>>> print(open('query-v4.cif').read())   # mmCIF, C-alpha atoms and all ligand atoms
data_structure
loop_
_atom_site.label_atom_id
_atom_site.label_comp_id
_atom_site.auth_asym_id
_atom_site.auth_seq_id
_atom_site.Cartn_x
_atom_site.Cartn_y
_atom_site.Cartn_z
CA MET A 1 3.43 -18.85 -32.42
CA ARG A 2 3.70 -16.30 -29.71
CA LEU A 3 1.09 -13.96 -28.32
CA SER A 4 1.48 -10.56 -29.89
CA SER A 5 -0.59 -7.52 -29.03
CA PRO A 6 0.33 -3.87 -28.70
CA HIS A 7 0.07 -3.83 -24.89
CA ILE A 8 1.89 -7.15 -24.43
CA ASN A 9 4.68 -5.98 -26.74
CA ILE A 10 5.12 -2.78 -24.72
CA ILE A 11 5.28 -4.76 -21.47
CA LEU A 12 7.78 -7.27 -22.93
CA LYS A 13 10.06 -4.46 -24.06
CA ALA A 14 9.95 -2.92 -20.57
CA CYS A 15 10.69 -6.34 -18.98
CA THR A 16 13.64 -6.97 -21.29
CA LYS A 17 15.16 -3.60 -20.46
CA ALA A 18 14.53 -3.86 -16.70
CA SER A 19 15.78 -7.43 -16.46
CA ARG A 20 19.30 -6.44 -17.57
CA SER A 21 19.86 -4.45 -14.40
CA LEU A 22 17.88 -6.97 -12.35
CA ILE A 23 20.13 -9.86 -13.41
CA ARG A 24 23.20 -7.72 -12.77
CA ASP A 25 21.89 -6.89 -9.27
CA TYR A 26 21.11 -10.55 -8.62
CA GLY A 27 24.74 -11.36 -9.39
CA GLU A 28 25.87 -8.80 -6.83
CA ILE A 29 23.38 -9.41 -4.05
CA GLU A 30 25.89 -8.92 -1.30
CA ASN A 31 26.57 -5.35 -2.47
CA LEU A 32 22.94 -4.29 -2.44
CA GLN A 33 21.86 -1.89 0.20
CA VAL A 34 19.02 -3.47 2.18
CA SER A 35 16.65 -1.52 4.37
CA THR A 36 13.69 -2.82 6.39
CA LYS A 37 10.13 -1.83 5.49
CA GLY A 38 8.72 -3.88 8.34
CA PRO A 39 9.38 -7.26 9.87
CA GLY A 40 9.97 -9.88 7.22
CA ASP A 41 9.41 -7.42 4.44
CA PHE A 42 12.52 -6.01 2.76
CA VAL A 43 12.89 -3.52 0.03
CA THR A 44 16.08 -3.38 -1.93
CA SER A 45 17.58 -0.80 -4.17
CA ALA A 46 17.08 -3.37 -6.94
CA ASP A 47 13.28 -3.20 -6.49
CA LYS A 48 13.34 0.55 -6.91
CA ARG A 49 15.78 0.54 -9.81
CA THR A 50 13.80 -2.12 -11.68
CA GLU A 51 10.50 -0.33 -11.13
CA LYS A 52 11.94 2.99 -12.33
CA ILE A 53 13.07 1.44 -15.62
CA ILE A 54 9.67 -0.23 -16.12
CA ILE A 55 7.72 2.96 -15.42
CA GLU A 56 9.93 4.98 -17.79
CA GLU A 57 9.47 2.44 -20.61
CA LEU A 58 5.71 2.13 -20.17
CA GLN A 59 5.33 5.89 -19.89
CA LYS A 60 7.15 6.38 -23.20
CA ALA A 61 4.51 4.25 -24.93
CA HIS A 62 1.44 5.71 -23.17
CA PRO A 63 2.18 8.93 -21.29
CA ASP A 64 -1.48 9.27 -20.27
CA TYR A 65 -1.88 5.89 -18.50
CA GLY A 66 -1.81 5.68 -14.69
CA PHE A 67 0.11 3.25 -12.46
CA VAL A 68 -0.42 1.13 -9.38
CA THR A 69 3.02 0.04 -8.23
CA GLU A 70 4.57 -1.53 -5.18
CA GLU A 71 7.42 0.93 -4.74
CA SER A 72 5.96 4.23 -6.02
CA GLY A 73 2.32 3.69 -5.03
CA ILE A 74 -0.57 4.97 -7.12
CA ILE A 75 0.30 7.42 -9.88
CA ASN A 76 -2.84 9.00 -11.32
CA LYS A 77 -2.88 10.43 -14.82
CA GLU A 78 -5.57 12.28 -16.79
CA ASN A 79 -6.66 8.97 -18.27
CA LYS A 80 -8.49 7.28 -15.39
CA SER A 81 -9.52 4.04 -17.07
CA ASN A 82 -6.12 2.71 -18.25
CA ARG A 83 -3.53 1.65 -15.68
CA TRP A 84 -0.42 -0.50 -15.41
CA ILE A 85 -0.15 -2.64 -12.28
CA ILE A 86 3.49 -3.35 -11.43
CA ASP A 87 5.46 -5.53 -9.05
CA PRO A 88 9.12 -5.02 -10.06
CA ILE A 89 10.41 -8.04 -8.13
CA ASP A 90 7.87 -10.52 -6.84
CA GLY A 91 9.79 -12.87 -4.59
CA THR A 92 12.13 -10.32 -3.01
CA MET A 93 13.00 -12.64 -0.13
CA ASN A 94 14.14 -15.31 -2.62
CA PHE A 95 16.06 -12.68 -4.60
CA LEU A 96 17.81 -11.44 -1.45
CA ASN A 97 18.84 -14.94 -0.48
CA GLY A 98 20.16 -15.88 -3.90
CA ILE A 99 17.28 -18.25 -4.62
CA PRO A 100 16.52 -18.09 -8.35
CA HIS A 101 12.74 -17.86 -8.04
CA PHE A 102 11.33 -14.37 -8.56
CA ALA A 103 9.65 -12.45 -11.35
CA ILE A 104 8.66 -9.11 -12.78
CA SER A 105 4.87 -8.95 -12.86
CA ILE A 106 2.99 -6.36 -14.94
CA GLY A 107 -0.73 -6.25 -15.62
CA TYR A 108 -2.63 -3.84 -17.83
CA GLU A 109 -6.06 -2.74 -16.61
CA GLU A 110 -8.93 -1.10 -18.48
CA ASP A 111 -11.95 0.13 -16.52
CA ASN A 112 -10.95 -1.91 -13.47
CA GLU A 113 -10.52 -5.14 -15.43
CA ILE A 114 -7.15 -6.75 -16.16
CA LYS A 115 -6.96 -7.12 -19.95
CA CYS A 116 -3.47 -8.52 -20.31
CA GLY A 117 -0.45 -9.39 -18.24
CA VAL A 118 3.11 -10.65 -18.26
CA ILE A 119 5.02 -12.54 -15.57
CA PHE A 120 8.69 -12.67 -16.51
CA ASP A 121 11.13 -14.96 -14.71
CA PRO A 122 14.52 -13.58 -15.80
CA ILE A 123 16.62 -16.42 -14.38
CA LYS A 124 14.75 -19.35 -15.93
CA ASN A 125 13.99 -17.19 -18.95
CA GLU A 126 10.28 -17.99 -18.76
CA THR A 127 7.75 -15.46 -19.96
CA PHE A 128 4.12 -16.13 -19.08
CA CYS A 129 1.66 -13.85 -20.81
CA ALA A 130 -2.00 -13.63 -21.69
CA GLU A 131 -4.52 -11.29 -23.20
CA LYS A 132 -8.24 -11.50 -22.57
CA GLY A 133 -9.81 -13.58 -25.35
CA ASN A 134 -6.47 -14.60 -26.89
CA GLY A 135 -5.17 -17.35 -24.62
CA ALA A 136 -2.22 -17.77 -22.28
CA TYR A 137 1.37 -18.56 -23.31
CA LEU A 138 4.65 -19.69 -21.81
CA ASN A 139 7.32 -18.32 -24.14
CA ASN A 140 5.99 -19.37 -27.57
CA THR A 141 3.71 -22.16 -26.46
CA ARG A 142 0.04 -22.04 -25.57
CA ILE A 143 -0.58 -23.20 -21.98
CA ARG A 144 -3.51 -24.84 -20.20
CA VAL A 145 -4.24 -25.59 -16.56
CA SER A 146 -3.94 -29.16 -15.29
CA LYS A 147 -6.72 -31.72 -15.68
CA LYS A 148 -6.72 -33.15 -12.14
CA LYS A 149 -10.23 -33.69 -10.88
CA LYS A 150 -9.93 -34.48 -7.18
CA LEU A 151 -8.58 -32.16 -4.51
CA GLN A 152 -6.88 -35.05 -2.71
CA ASP A 153 -4.65 -35.65 -5.77
CA ALA A 154 -3.84 -31.97 -6.27
CA LEU A 155 -0.45 -30.32 -5.84
CA LEU A 156 -1.26 -27.07 -4.05
CA VAL A 157 0.76 -23.96 -3.32
CA THR A 158 0.18 -21.15 -0.86
CA GLY A 159 2.09 -18.36 0.87
CA GLY A 160 2.29 -16.27 4.00
CA PRO A 161 1.40 -15.31 6.60
CA LYS A 162 3.56 -12.21 6.82
CA ASN A 163 5.24 -11.73 10.16
CA SER A 164 3.06 -8.67 10.82
CA SER A 165 -0.21 -10.46 10.00
CA LYS A 166 -3.01 -10.33 12.56
CA LEU A 167 -4.48 -13.45 10.97
CA LYS A 168 -1.59 -15.80 11.66
CA ASP A 169 -3.63 -18.31 13.67
CA LYS A 170 -6.38 -18.41 11.08
CA ILE A 171 -3.89 -18.82 8.23
CA PHE A 172 -2.00 -21.62 10.00
CA SER A 173 -5.19 -23.51 10.88
CA GLU A 174 -6.38 -23.13 7.28
CA PHE A 175 -3.06 -24.61 6.12
CA ILE A 176 -3.43 -27.57 8.48
CA ASN A 177 -7.02 -28.14 7.38
CA VAL A 178 -6.16 -28.20 3.69
CA SER A 179 -2.99 -30.26 4.32
CA LYS A 180 -5.06 -33.03 5.86
CA THR A 181 -7.10 -33.33 2.67
CA VAL A 182 -4.32 -33.64 0.09
CA PHE A 183 -1.78 -36.45 -0.36
CA SER A 184 1.17 -34.28 -1.42
CA PRO A 185 2.58 -31.71 0.99
CA ILE A 186 1.55 -28.14 0.12
CA ARG A 187 4.29 -26.01 -1.43
CA LYS A 188 5.38 -22.48 -0.45
CA PHE A 189 7.66 -21.03 -3.14
CA GLY A 190 7.63 -17.35 -2.11
CA SER A 191 6.48 -15.64 -5.30
CA ALA A 192 2.73 -15.11 -5.67
CA SER A 193 2.98 -14.18 -9.35
CA LEU A 194 4.93 -17.35 -10.19
CA ASP A 195 2.48 -19.38 -8.10
CA MET A 196 -0.27 -18.07 -10.38
CA ALA A 197 1.83 -18.63 -13.52
CA TYR A 198 2.46 -22.24 -12.44
CA ILE A 199 -1.29 -22.79 -12.04
CA ALA A 200 -1.74 -21.52 -15.59
CA CYS A 201 0.74 -24.00 -17.08
CA GLY A 202 -0.42 -26.97 -14.99
CA ARG A 203 2.61 -27.31 -12.69
CA PHE A 204 0.35 -26.65 -9.69
CA ASP A 205 -3.36 -27.45 -9.49
CA GLY A 206 -4.48 -24.92 -6.90
CA TYR A 207 -3.26 -21.81 -5.09
CA TRP A 208 -4.74 -19.77 -2.32
CA GLN A 209 -3.39 -16.96 -0.18
CA ARG A 210 -4.65 -14.22 2.09
CA GLU A 211 -3.46 -10.61 2.45
CA LEU A 212 -1.87 -10.18 -0.95
CA ASN A 213 -1.52 -6.89 -2.74
CA TYR A 214 -3.10 -6.26 -6.11
CA TRP A 215 0.31 -5.99 -7.82
CA ASP A 216 1.29 -9.50 -6.65
CA ILE A 217 -1.50 -11.10 -8.68
CA ALA A 218 -2.82 -8.62 -11.27
CA ALA A 219 -1.01 -10.21 -14.24
CA GLY A 220 -1.69 -13.69 -12.87
CA ILE A 221 -5.45 -13.15 -12.88
CA VAL A 222 -5.71 -12.90 -16.66
CA ILE A 223 -3.03 -15.55 -17.26
CA VAL A 224 -4.82 -18.15 -15.11
CA LYS A 225 -8.24 -17.32 -16.60
CA GLU A 226 -6.97 -17.49 -20.18
CA ALA A 227 -5.37 -20.86 -19.44
CA GLY A 228 -8.78 -22.22 -18.44
CA GLY A 229 -8.42 -21.75 -14.69
CA PHE A 230 -10.76 -20.18 -12.18
CA VAL A 231 -9.91 -17.15 -10.05
CA ASP A 232 -11.97 -16.22 -7.05
CA PHE A 233 -11.61 -13.70 -4.21
CA PHE A 234 -12.78 -14.34 -0.68
CA ASN A 235 -12.40 -10.93 0.86
CA ASP A 236 -14.29 -11.77 4.06
CA ASP A 237 -11.90 -9.88 6.31
CA ILE A 238 -10.62 -7.18 3.96
CA ASP A 239 -11.95 -3.70 3.32
CA VAL A 240 -8.83 -2.15 1.79
CA PRO A 241 -9.20 -1.84 -2.03
CA LEU A 242 -5.73 -3.07 -3.04
CA LYS A 243 -5.63 -6.02 -0.59
CA LYS A 244 -6.81 -9.41 -1.84
CA ASN A 245 -7.43 -12.95 -0.64
CA ILE A 246 -7.19 -15.16 -3.69
CA LEU A 247 -8.09 -18.67 -4.75
CA ALA A 248 -6.86 -19.76 -8.20
CA THR A 249 -7.30 -23.30 -9.48
CA ASN A 250 -7.51 -25.51 -12.55
CA SER A 251 -11.34 -25.06 -12.26
CA ASN A 252 -11.98 -28.81 -11.57
CA ILE A 253 -10.92 -28.66 -7.90
CA HIS A 254 -12.25 -25.16 -7.29
CA ASP A 255 -15.47 -25.97 -5.42
CA GLU A 256 -13.78 -28.51 -3.18
CA LEU A 257 -10.92 -26.19 -2.21
CA SER A 258 -13.21 -23.20 -1.90
CA SER A 259 -15.60 -24.95 0.48
CA LEU A 260 -12.68 -26.15 2.64
CA ILE A 261 -11.39 -22.61 2.95
CA LYS A 262 -14.83 -21.13 3.48
CA LYS A 263 -15.53 -23.72 6.19
CA ASN A 264 -12.55 -22.24 8.00
CA ILE A 265 -14.04 -18.74 7.76
CA GLU A 266 -17.26 -19.67 9.58
C1 LIG B 301 5.61 -11.36 -1.79
C2 LIG B 301 5.58 -12.69 -2.53
C3 LIG B 301 5.26 -13.82 -1.59
C4 LIG B 301 3.96 -13.57 -0.86
C5 LIG B 301 3.98 -12.22 -0.14
C6 LIG B 301 4.29 -11.11 -1.14
P1 LIG B 301 7.27 -9.46 -2.67
O1 LIG B 301 5.87 -10.29 -2.69
O2 LIG B 301 4.65 -12.67 -3.58
O3 LIG B 301 5.10 -15.04 -2.29
O4 LIG B 301 3.78 -14.60 0.10
O5 LIG B 301 2.72 -12.00 0.44
O6 LIG B 301 4.33 -9.87 -0.45
O7 LIG B 301 7.34 -8.75 -1.37
O8 LIG B 301 8.35 -10.44 -2.85
O9 LIG B 301 7.08 -8.55 -3.85
CA CA B 302 4.95 -9.07 -4.57
CA CA B 303 7.90 -6.82 -4.89
#
>>> encode(input="query-v4.cif", output="structure tokens")
Amino acid sequence: MRLSSPHINIILKACTKASRSLIRDYGEIENLQVSTKGPGDFVTSADKRTEKIIIEELQKAHPDYGFVTEESGIINKENKSNRWIIDPIDGTMNFLNGIPHFAISIGYEEDNEIKCGVIFDPIKNETFCAEKGNGAYLNNTRIRVSKKKKLQDALLVTGGPKNSSKLKDKIFSEFINVSKTVFSPIRKFGSASLDMAYIACGRFDGYWQRELNYWDIAAGIVIVKEAGGFVDFFNDDIDVPLKKNILATNSNIHDELSSLIKKNIE
């Protein structure tokens, strides 16, 4: 059985269409024109092309819905309560370097709450999706978070800091702190949406990261929650609406990881 709902179906159709050009671009990475957005942060013509296709497809289905996107920013429509949240390529640095670990991430929001989302990994052909109240799926199979109980046994993943971050020292010391508590070295895979998706299907047990953008994690929020995980924000140092510090776990290790990170804040 696969999850089927009108909004998910619209997103899947947009992903399928966009992924054709994305896969083509991935095969021709060396020909892509690359420009710098800032240190360590690249935007490619593939990002823009992919996003354009997604917006066009979603707009066909619901011309009145707004958008929050990485490449085109916020697009307001007359309907203020329904919005699509889009990251056309999450894991651009991997994409640019020919590392097959990136995804299209699209969330659907109603009255400021994410109702459903899809994270589509076009290379591994893995589609993670969830709708509030209807569970989370990987392709046609229902997924659940892992059952690990102790933080010390957990396989954790994190990301950042960006080169431009003013919080580098804090982020590195947080990493060291958490590293000392767990047996397995912490992973950094370079795609926030796939980090969240991997929490949802039990490949990782916990994920935290500062200074993300809403589009990195919007779809992941509902997918992790519907898989039985816990998602928490610790926006102690953030007052920009679309910026997020996130903690997403299998629920069991949440308090332990959360108190370690919060200890670092004080
Ligand atoms: C990035 C990835 C990465 C995370 C960065 C994000 P992008 O998104 O999700 O894992 O560490 O903070 O900006 O730029 O590849 O869409
Ligand atoms: Ca991203
Ligand atoms: Ca991106």
>>> residues_around(input="query-v4.cif", residues="region 107-116 of chain A", least_positions_apart="2", cutoff="9 Å", atoms="only C-alpha atoms", output="ChimeraX atom specification")
/A:7-8,11,80-86,105,118-119,129-133,215,217-223
>>> closest_residue(input="query-v4.cif", among="A:Ile53, A:Ile106, A:Ala14, A:Ile89", to="ligand CA 302 (chain B)", atoms="all atoms listed in the file")
A:Ile89
>>> closest_residue(input="query-v4.cif", among="A:Asn235, A:Thr127, A:Ser258, A:Asn94", to="ligand LIG 301 (chain B)", atoms="only C-alpha atoms and all ligand atoms")
A:Asn94
>>> residues_near_ligand(input="query-v4.cif", ligand="ligand CA 302 (chain B)", cutoff="7 Å", atoms="only C-alpha atoms and all ligand atoms", output="VMD selection string")
chain A and resid 87 89 to 91 191 to 192 215 to 216
>>> closest_residue(input="query-v4.cif", among="A:Leu247, A:Met93, A:Val178, A:Ile55", to="ligand CA 303 (chain B)", atoms="only C-alpha atoms and all ligand atoms")
A:Met93
>>> residues_near_ligand(input="query-v4.cif", ligand="ligand LIG 301 (chain B)", cutoff="8 Å", atoms="all atoms listed in the file", output="PyMOL selection string")
chain A and resi 41-43+70+87-94+102+158-162+188-193+195+209-213+216
>>> closest_residue(input="query-v4.cif", among="A:Met196, A:Ala248, A:Phe67, A:Glu28", to="Phe128 (chain A)", atoms="only C-alpha atoms")
A:Met196
>>> closest_residue(input="query-v4.cif", among="A:Tyr214, A:Ile186, A:Glu78, A:Lys148", to="ligand CA 303 (chain B)", atoms="all atoms listed in the file")
A:Tyr214
>>> closest_residue(input="query-v4.cif", among="A:His254, A:Arg49, A:Lys147, A:Lys13", to="ligand CA 303 (chain B)", atoms="all atoms listed in the file")
A:Arg49
>>> atom_distance(input="query-v4.cif", atom1="CA of Ser146 (chain A)", atom2="CA of Val231 (chain A)")
14.4 Å
>>> atom_distance(input="query-v4.cif", atom1="CA of Ser164 (chain A)", atom2="CA of Lys243 (chain A)")
14.6 Å
>>> residues_near_point(input="query-v4.cif", point="(-4.5, -30.9, 2.0)", cutoff="10 Å", atoms="only C-alpha atoms", output="VMD selection string")
chain A and resid 151 to 156 174 to 186 257 260
>>> axis_aligned_box(input="query-v4.cif", around="region 212-217 of chain A", padding_each_side="8 Å", output="lines of an AutoDock Vina configuration file")
center_x = -0.9
center_y = -8.5
center_z = -4.8
size_x = 20.4
size_y = 21.1
size_z = 23.7
>>> atom_distance(input="query-v4.cif", atom1="CA of Phe230 (chain A)", atom2="CA of Asn250 (chain A)")
6.3 Å
>>> residues_around(input="query-v4.cif", residues="Phe233 (chain A)", least_positions_apart="4", cutoff="8 Å", atoms="only C-alpha atoms", output="NGL selection string")
:A and (244-247)
>>> write_last_selection(input="query-v4.cif", atoms="C-alpha atoms", output="compact mmCIF listing (two decimals), keeping the file's coordinate frame")
# COMPACT_ATOMS: atom_id res chain seq x y z
CA LYS A 244 -6.81 -9.41 -1.84
CA ASN A 245 -7.43 -12.95 -0.64
CA ILE A 246 -7.19 -15.16 -3.69
CA LEU A 247 -8.09 -18.67 -4.75
>>> residues_around(input="query-v4.cif", residues="Val145 (chain A)", least_positions_apart="3", cutoff="12 Å", atoms="only C-alpha atoms", output="PyMOL selection string")
chain A and resi 135-138+142+148-149+196-206+223-230+248-253
>>> residues_around(input="query-v4.cif", residues="Pro63 (chain A)", least_positions_apart="4", cutoff="10 Å", atoms="only C-alpha atoms", output="ChimeraX atom specification")
/A:56-59,77-79
>>> residues_near_point(input="query-v4.cif", point="(11.2, -15.1, -16.2)", cutoff="9 Å", atoms="all atoms listed in the file", output="list in words")
Ser19, His101, Phe102, Ala103, Ile104, Ile119, Phe120, Asp121, Pro122, Ile123, Lys124, Asn125, Glu126, Thr127, Phe128 and Leu194 of chain A
>>> decode(input="query-v4.cif", residues="region 234-256 of chain A", atoms="N, CA, C and O atoms", output="PDB file, in the first residue's frame")
ATOM      1  N   PHE A 234      14.899  24.595  19.102  1.00  0.00           N
ATOM      2  CA  PHE A 234      15.530  25.303  20.221  1.00  0.00           C
ATOM      3  C   PHE A 234      16.092  26.620  19.688  1.00  0.00           C
ATOM      4  O   PHE A 234      17.285  26.787  19.504  1.00  0.00           O
ATOM      5  N   ASN A 235      15.167  27.530  19.432  1.00  0.00           N
ATOM      6  CA  ASN A 235      15.535  28.771  18.755  1.00  0.00           C
ATOM      7  C   ASN A 235      16.041  29.826  19.741  1.00  0.00           C
ATOM      8  O   ASN A 235      15.587  30.959  19.729  1.00  0.00           O
ATOM      9  N   ASP A 236      16.988  29.442  20.574  1.00  0.00           N
ATOM     10  CA  ASP A 236      17.500  30.361  21.602  1.00  0.00           C
ATOM     11  C   ASP A 236      18.186  31.592  21.005  1.00  0.00           C
ATOM     12  O   ASP A 236      18.144  32.661  21.576  1.00  0.00           O
ATOM     13  N   ASP A 237      18.835  31.408  19.858  1.00  0.00           N
ATOM     14  CA  ASP A 237      19.618  32.517  19.320  1.00  0.00           C
ATOM     15  C   ASP A 237      19.080  33.007  17.971  1.00  0.00           C
ATOM     16  O   ASP A 237      19.768  33.632  17.201  1.00  0.00           O
ATOM     17  N   ILE A 238      17.805  32.703  17.688  1.00  0.00           N
ATOM     18  CA  ILE A 238      17.269  33.024  16.370  1.00  0.00           C
ATOM     19  C   ILE A 238      16.023  33.891  16.497  1.00  0.00           C
ATOM     20  O   ILE A 238      15.107  33.558  17.249  1.00  0.00           O
ATOM     21  N   ASP A 239      15.994  35.009  15.753  1.00  0.00           N
ATOM     22  CA  ASP A 239      14.741  35.759  15.738  1.00  0.00           C
ATOM     23  C   ASP A 239      14.286  36.049  14.304  1.00  0.00           C
ATOM     24  O   ASP A 239      13.527  36.949  14.038  1.00  0.00           O
ATOM     25  N   VAL A 240      14.783  35.237  13.376  1.00  0.00           N
ATOM     26  CA  VAL A 240      14.359  35.355  11.976  1.00  0.00           C
ATOM     27  C   VAL A 240      13.343  34.235  11.713  1.00  0.00           C
ATOM     28  O   VAL A 240      13.654  33.066  11.963  1.00  0.00           O
ATOM     29  N   PRO A 241      12.126  34.564  11.216  1.00  0.00           N
ATOM     30  CA  PRO A 241      11.059  33.565  11.123  1.00  0.00           C
ATOM     31  C   PRO A 241      11.400  32.280  10.362  1.00  0.00           C
ATOM     32  O   PRO A 241      11.015  31.202  10.776  1.00  0.00           O
ATOM     33  N   LEU A 242      12.159  32.374   9.250  1.00  0.00           N
ATOM     34  CA  LEU A 242      12.388  31.158   8.465  1.00  0.00           C
ATOM     35  C   LEU A 242      13.638  30.384   8.887  1.00  0.00           C
ATOM     36  O   LEU A 242      13.947  29.349   8.330  1.00  0.00           O
ATOM     37  N   LYS A 243      14.359  30.879   9.897  1.00  0.00           N
ATOM     38  CA  LYS A 243      15.557  30.169  10.385  1.00  0.00           C
ATOM     39  C   LYS A 243      15.173  29.238  11.522  1.00  0.00           C
ATOM     40  O   LYS A 243      14.342  29.586  12.364  1.00  0.00           O
ATOM     41  N   LYS A 244      15.770  28.064  11.569  1.00  0.00           N
ATOM     42  CA  LYS A 244      15.402  27.075  12.598  1.00  0.00           C
ATOM     43  C   LYS A 244      16.629  26.335  13.136  1.00  0.00           C
ATOM     44  O   LYS A 244      17.524  25.983  12.379  1.00  0.00           O
ATOM     45  N   ASN A 245      16.589  26.071  14.436  1.00  0.00           N
ATOM     46  CA  ASN A 245      17.493  25.095  15.059  1.00  0.00           C
ATOM     47  C   ASN A 245      16.626  23.886  15.374  1.00  0.00           C
ATOM     48  O   ASN A 245      15.622  24.026  16.075  1.00  0.00           O
ATOM     49  N   ILE A 246      17.015  22.734  14.899  1.00  0.00           N
ATOM     50  CA  ILE A 246      16.108  21.588  15.039  1.00  0.00           C
ATOM     51  C   ILE A 246      16.747  20.413  15.773  1.00  0.00           C
ATOM     52  O   ILE A 246      17.959  20.197  15.697  1.00  0.00           O
ATOM     53  N   LEU A 247      15.889  19.691  16.469  1.00  0.00           N
ATOM     54  CA  LEU A 247      16.281  18.442  17.119  1.00  0.00           C
ATOM     55  C   LEU A 247      15.183  17.436  16.747  1.00  0.00           C
ATOM     56  O   LEU A 247      14.001  17.677  17.024  1.00  0.00           O
ATOM     57  N   ALA A 248      15.572  16.353  16.070  1.00  0.00           N
ATOM     58  CA  ALA A 248      14.588  15.348  15.646  1.00  0.00           C
ATOM     59  C   ALA A 248      15.122  13.980  16.046  1.00  0.00           C
ATOM     60  O   ALA A 248      16.260  13.635  15.713  1.00  0.00           O
ATOM     61  N   THR A 249      14.339  13.231  16.776  1.00  0.00           N
ATOM     62  CA  THR A 249      14.819  11.938  17.291  1.00  0.00           C
ATOM     63  C   THR A 249      13.738  10.860  17.188  1.00  0.00           C
ATOM     64  O   THR A 249      12.588  11.140  16.853  1.00  0.00           O
ATOM     65  N   ASN A 250      14.148   9.656  17.619  1.00  0.00           N
ATOM     66  CA  ASN A 250      13.204   8.537  17.654  1.00  0.00           C
ATOM     67  C   ASN A 250      12.266   8.630  18.865  1.00  0.00           C
ATOM     68  O   ASN A 250      11.586   7.675  19.196  1.00  0.00           O
ATOM     69  N   SER A 251      12.250   9.737  19.552  1.00  0.00           N
ATOM     70  CA  SER A 251      11.462  10.006  20.780  1.00  0.00           C
ATOM     71  C   SER A 251      12.190   9.479  22.018  1.00  0.00           C
ATOM     72  O   SER A 251      12.376  10.223  22.974  1.00  0.00           O
ATOM     73  N   ASN A 252      12.609   8.188  22.016  1.00  0.00           N
ATOM     74  CA  ASN A 252      13.227   7.580  23.213  1.00  0.00           C
ATOM     75  C   ASN A 252      14.446   8.359  23.724  1.00  0.00           C
ATOM     76  O   ASN A 252      14.634   8.488  24.919  1.00  0.00           O
ATOM     77  N   ILE A 253      15.290   8.823  22.800  1.00  0.00           N
ATOM     78  CA  ILE A 253      16.543   9.476  23.228  1.00  0.00           C
ATOM     79  C   ILE A 253      16.398  10.998  23.285  1.00  0.00           C
ATOM     80  O   ILE A 253      17.365  11.714  23.505  1.00  0.00           O
ATOM     81  N   HIS A 254      15.180  11.483  23.085  1.00  0.00           N
ATOM     82  CA  HIS A 254      14.984  12.923  22.933  1.00  0.00           C
ATOM     83  C   HIS A 254      15.427  13.735  24.153  1.00  0.00           C
ATOM     84  O   HIS A 254      16.187  14.694  24.036  1.00  0.00           O
ATOM     85  N   ASP A 255      14.966  13.330  25.329  1.00  0.00           N
ATOM     86  CA  ASP A 255      15.273  14.122  26.529  1.00  0.00           C
ATOM     87  C   ASP A 255      16.771  14.162  26.784  1.00  0.00           C
ATOM     88  O   ASP A 255      17.329  15.205  27.127  1.00  0.00           O
ATOM     89  N   GLU A 256      17.412  13.003  26.608  1.00  0.00           N
ATOM     90  CA  GLU A 256      18.857  12.938  26.855  1.00  0.00           C
ATOM     91  C   GLU A 256      19.638  13.855  25.900  1.00  0.00           C
ATOM     92  O   GLU A 256      20.511  14.614  26.333  1.00  0.00           O
TER      93      GLU A 256
END
